[in-house]
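Visitor: Quick one: structure below, then a few questions.
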Amino acid sequence: MLPCIALLFVAIAGIAAEPAGRPFVGATFTSNKIVIVDRDGKVEWEQDAPACMDVWSMPNGNILYSSRAKGIIEVTRDKKIVFQFKTDGETYTCQRLPNGRTLIGDNKNGRLIEVDADGKIQREIKLQTAAKEHGMIRTARWLPNDHFLVSQREDNIVREYDAAGKVVWEHKVGGPMTALRLANGNTLIAGASGDVIEVGSDGKEAWSFKTKDYPMGVKGKAYGLQRLANGNTVIVCQGTVLEVTPEKKVVWSTKVPNLMGVQLLDEKGDVTKGEIIR
């Protein structure tokens with residue numbers, strides 16, 4: 001029997017039976033587990049991960065994740081640790097970069113760092129912040145122009161920094177948890193209110209999925225985000241994963257208690273092919 005993380009597949013009225021959902025790897029913050037979940041909402045694999053929030057499936061099948069207590073860890077599917085880096089304070093976000101380094105949010109020191117495979121810091125980007133350690137960085141994402149998009153929760157702002165640490169764009173929003181730069185140049189933001197908004201470079205709202213749009217029984221902080229090649233958006237709201245169309249129709253929904261971050265997988269457990277931004 002799998003260790004007990006209570007799972008409930010949520011069927012939304014009016015949704016076709018197929019597809020039931022999508023497989024994904026997820027971080028369950030207060031359940032302290034990284035889980036791989038199949039399309040029917042069943043846990044197929046799990047890893048102990050205290051206060052985990054950000055998670056990625058690597059091309060080689062390994063899992064990279066952030067643990068507030070343990071730092072940034074990469075494990076194989078047989079649970080062997082192959083990379084670990086611990087900051088001297090809280091950390092919630094990570095991302096493996098094309099150059100092989102790992103981007104890490106260092107909340108205590110108000111900075112982003114790039115760490116190589118040997119655990120040496122190769123670059124530092126200082127952030128403009130008035131927040132305390134716990135409420136500072138929620139997620140940070142490297143952009144192809146070598147800029148960084150940072151959700152600064154207590155500062156109530158999403159900022160884009162260049163490689164020198166200069167702010168080149170920002171958008172004020174309450175309690176941002178995750179922000180993504182889309183192919184059209186817009187920015188998709190999930191917030192502590194539960195709202196997800198897409199804004200242009202001028203800050204004007206281009207699309208949204210707000211608390212009033214969620215199915216009955218789904219509410220809380222919006223955290224995980226992915227924009228799919230088909231135009232749909234995957235949202236994690238306080239433990240429920242939903243895929244929604246641009247017209248705000250819910251395609252599927254799966255509940256995993258305390259879920260925060262996700263990455264969609266294919267039926268073989270690999271990263272889904274095609275354009276996924278997260």
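Residue names in the structure tokens use chain letters A, B, ... in the order shown, residue numbers from 1 in each chain, and ligand numbers from 1 in the order shown.
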With only C-alpha atoms as the counted atoms, please give the residues lying no more than 9 Å from Arg77 in chain A, apart from itself and same-chain residues fewer than 3 positions off, as a ChimeraX atom specification.

Guide: /A:45,61-63,80

Visitor: Fewer than 5 positions away in the same chain doesn't count, so skip those; otherwise give me all residues within 12 Å of range 194-209 of chain A, counting only C-alpha atoms, as a PyMOL selection string.

Guide: chain A and resi 157-160+168-189+214-215+218-227+231-240+242-250

Visitor: Please write the residues from the selection above to a file, keeping C-alpha atoms, as an mmCIF file, in the first residue's frame.

Guide:
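Output saved as part_18.cif:
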```
data_model
loop_
_atom_site.group_PDB
_atom_site.id
_atom_site.type_symbol
_atom_site.label_atom_id
_atom_site.label_comp_id
_atom_site.auth_asym_id
_atom_site.auth_seq_id
_atom_site.Cartn_x
_atom_site.Cartn_y
_atom_site.Cartn_z
ATOM 1 C CA ILE A 157 4.817 42.987 -6.553
ATOM 2 C CA VAL A 158 6.166 40.979 -9.482
ATOM 3 C CA ARG A 159 9.448 42.327 -10.784
ATOM 4 C CA GLU A 160 11.597 41.590 -13.806
ATOM 5 C CA VAL A 168 13.135 46.679 -15.940
ATOM 6 C CA TRP A 169 9.424 45.885 -15.399
ATOM 7 C CA GLU A 170 7.082 45.460 -12.461
ATOM 8 C CA HIS A 171 3.436 44.907 -11.688
ATOM 9 C CA LYS A 172 1.793 45.461 -8.326
ATOM 10 C CA VAL A 173 -0.485 42.639 -7.217
ATOM 11 C CA GLY A 174 -1.535 41.302 -3.838
ATOM 12 C CA GLY A 175 0.571 38.400 -2.592
ATOM 13 C CA PRO A 176 2.047 37.082 -5.872
ATOM 14 C CA MET A 177 2.993 33.413 -5.653
ATOM 15 C CA THR A 178 4.088 32.565 -9.210
ATOM 16 C CA ALA A 179 4.625 34.600 -12.382
ATOM 17 C CA LEU A 180 5.377 33.374 -15.910
ATOM 18 C CA ARG A 181 6.375 35.269 -19.043
ATOM 19 C CA LEU A 182 4.273 34.027 -21.960
ATOM 20 C CA ALA A 183 5.227 33.722 -25.631
ATOM 21 C CA ASN A 184 3.058 36.755 -26.461
ATOM 22 C CA GLY A 185 5.041 38.903 -24.018
ATOM 23 C CA ASN A 186 2.306 38.994 -21.399
ATOM 24 C CA THR A 187 2.847 37.887 -17.811
ATOM 25 C CA LEU A 188 0.667 35.292 -16.089
ATOM 26 C CA ILE A 189 0.422 35.747 -12.308
ATOM 27 C CA TYR A 214 -13.547 28.327 -9.686
ATOM 28 C CA PRO A 215 -15.818 25.288 -9.354
ATOM 29 C CA VAL A 218 -12.348 25.108 -4.726
ATOM 30 C CA LYS A 219 -10.901 28.149 -3.031
ATOM 31 C CA GLY A 220 -7.694 29.367 -1.466
ATOM 32 C CA LYS A 221 -4.317 30.624 -2.621
ATOM 33 C CA ALA A 222 -3.376 30.108 -6.265
ATOM 34 C CA TYR A 223 0.184 28.886 -6.573
ATOM 35 C CA GLY A 224 1.264 26.552 -9.381
ATOM 36 C CA LEU A 225 0.875 27.728 -12.987
ATOM 37 C CA GLN A 226 1.471 26.349 -16.472
ATOM 38 C CA ARG A 227 0.331 27.693 -19.846
ATOM 39 C CA GLY A 231 -3.882 27.838 -24.894
ATOM 40 C CA ASN A 232 -5.259 26.266 -21.730
ATOM 41 C CA THR A 233 -3.929 27.169 -18.296
ATOM 42 C CA VAL A 234 -3.119 24.749 -15.476
ATOM 43 C CA ILE A 235 -3.677 26.241 -12.026
ATOM 44 C CA VAL A 236 -3.062 24.859 -8.551
ATOM 45 C CA CYS A 237 -5.414 26.422 -6.005
ATOM 46 C CA GLN A 238 -4.928 25.241 -2.414
ATOM 47 C CA GLY A 239 -4.502 21.591 -3.337
ATOM 48 C CA THR A 240 -6.683 21.364 -6.449
ATOM 49 C CA LEU A 242 -7.376 22.473 -12.743
ATOM 50 C CA GLU A 243 -6.896 22.823 -16.480
ATOM 51 C CA VAL A 244 -9.042 25.666 -17.791
ATOM 52 C CA THR A 245 -9.675 26.934 -21.311
ATOM 53 C CA PRO A 246 -9.352 30.577 -22.382
ATOM 54 C CA GLU A 247 -13.161 30.651 -22.086
ATOM 55 C CA LYS A 248 -12.779 29.598 -18.403
ATOM 56 C CA LYS A 249 -14.235 26.126 -18.852
ATOM 57 C CA VAL A 250 -12.736 23.540 -16.495
#
```

Visitor: If we count only C-alpha atoms, what is near Thr87 in chain A at a cut-off of 7 Å, once residues fewer than 2 positions away on the same chain are taken out, given as a list in words?

Guide: Gly71, Phe85, Gly89 and Asp106 of chain A

Visitor: One number please: CA of Ala192 in chain A to CA of Lys86 in chain A, in Å, one decimal.

Guide: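 If I compute the distance from CA of Ala192 in chain A to CA of Lys86 in chain A, I get 26.2 Å.
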
Visitor: Determine the nearest neighbour of Asp38 in chain A from the options A:Thr272, A:Thr254, A:Thr76, A:Thr93, counting only C-alpha atoms.

Guide: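 When distances to Asp38 in chain A are compared using only C-alpha atoms, the smallest one comes from A:Thr254.
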
Visitor: Taking only C-alpha atoms into account, which of A:Lys132, A:Arg39, A:Lys212, A:Arg68 comes nearest Ala27 in chain A?

Guide: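 Distance minimum relative to Ala27 in chain A lands on A:Arg68.
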
Visitor: Pick out each residue of range 8-129 of chain A that DSSP on the backbone tags as strand (DSSP E or B); I need them as a PyMOL selection string.

Guide: chain A and resi 8-9+24-28+33-37+43-48+52-57+63-67+71-75+81-85+94-96+102-106+111-115+121-126

Visitor: Using Å and a single decimal, report how far CA of Gly165 in chain A sits from CA of Ile125 in chain A.

Guide: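 If I compute the distance from CA of Ile125 in chain A to CA of Gly165 in chain A, I get 5.3 Å.
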
Visitor: What lies within 9 Å of range 107-123 of chain A using only C-alpha atoms, ignoring chain neighbours under 4 positions off, as a list in words?

Guide: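 Everything that qualifies: Phe83, Gln84, Phe85, Thr87, Asp88, Gly89, Glu90, Thr91, Tyr92, Leu97, Gly100, Arg101, Thr102, Leu103, Leu127, Gln128, Thr129, Ala131, Lys132, Glu133, His134, Gly135, Met136, Ile137, Arg138, Ala140 and Phe148 of chain A.
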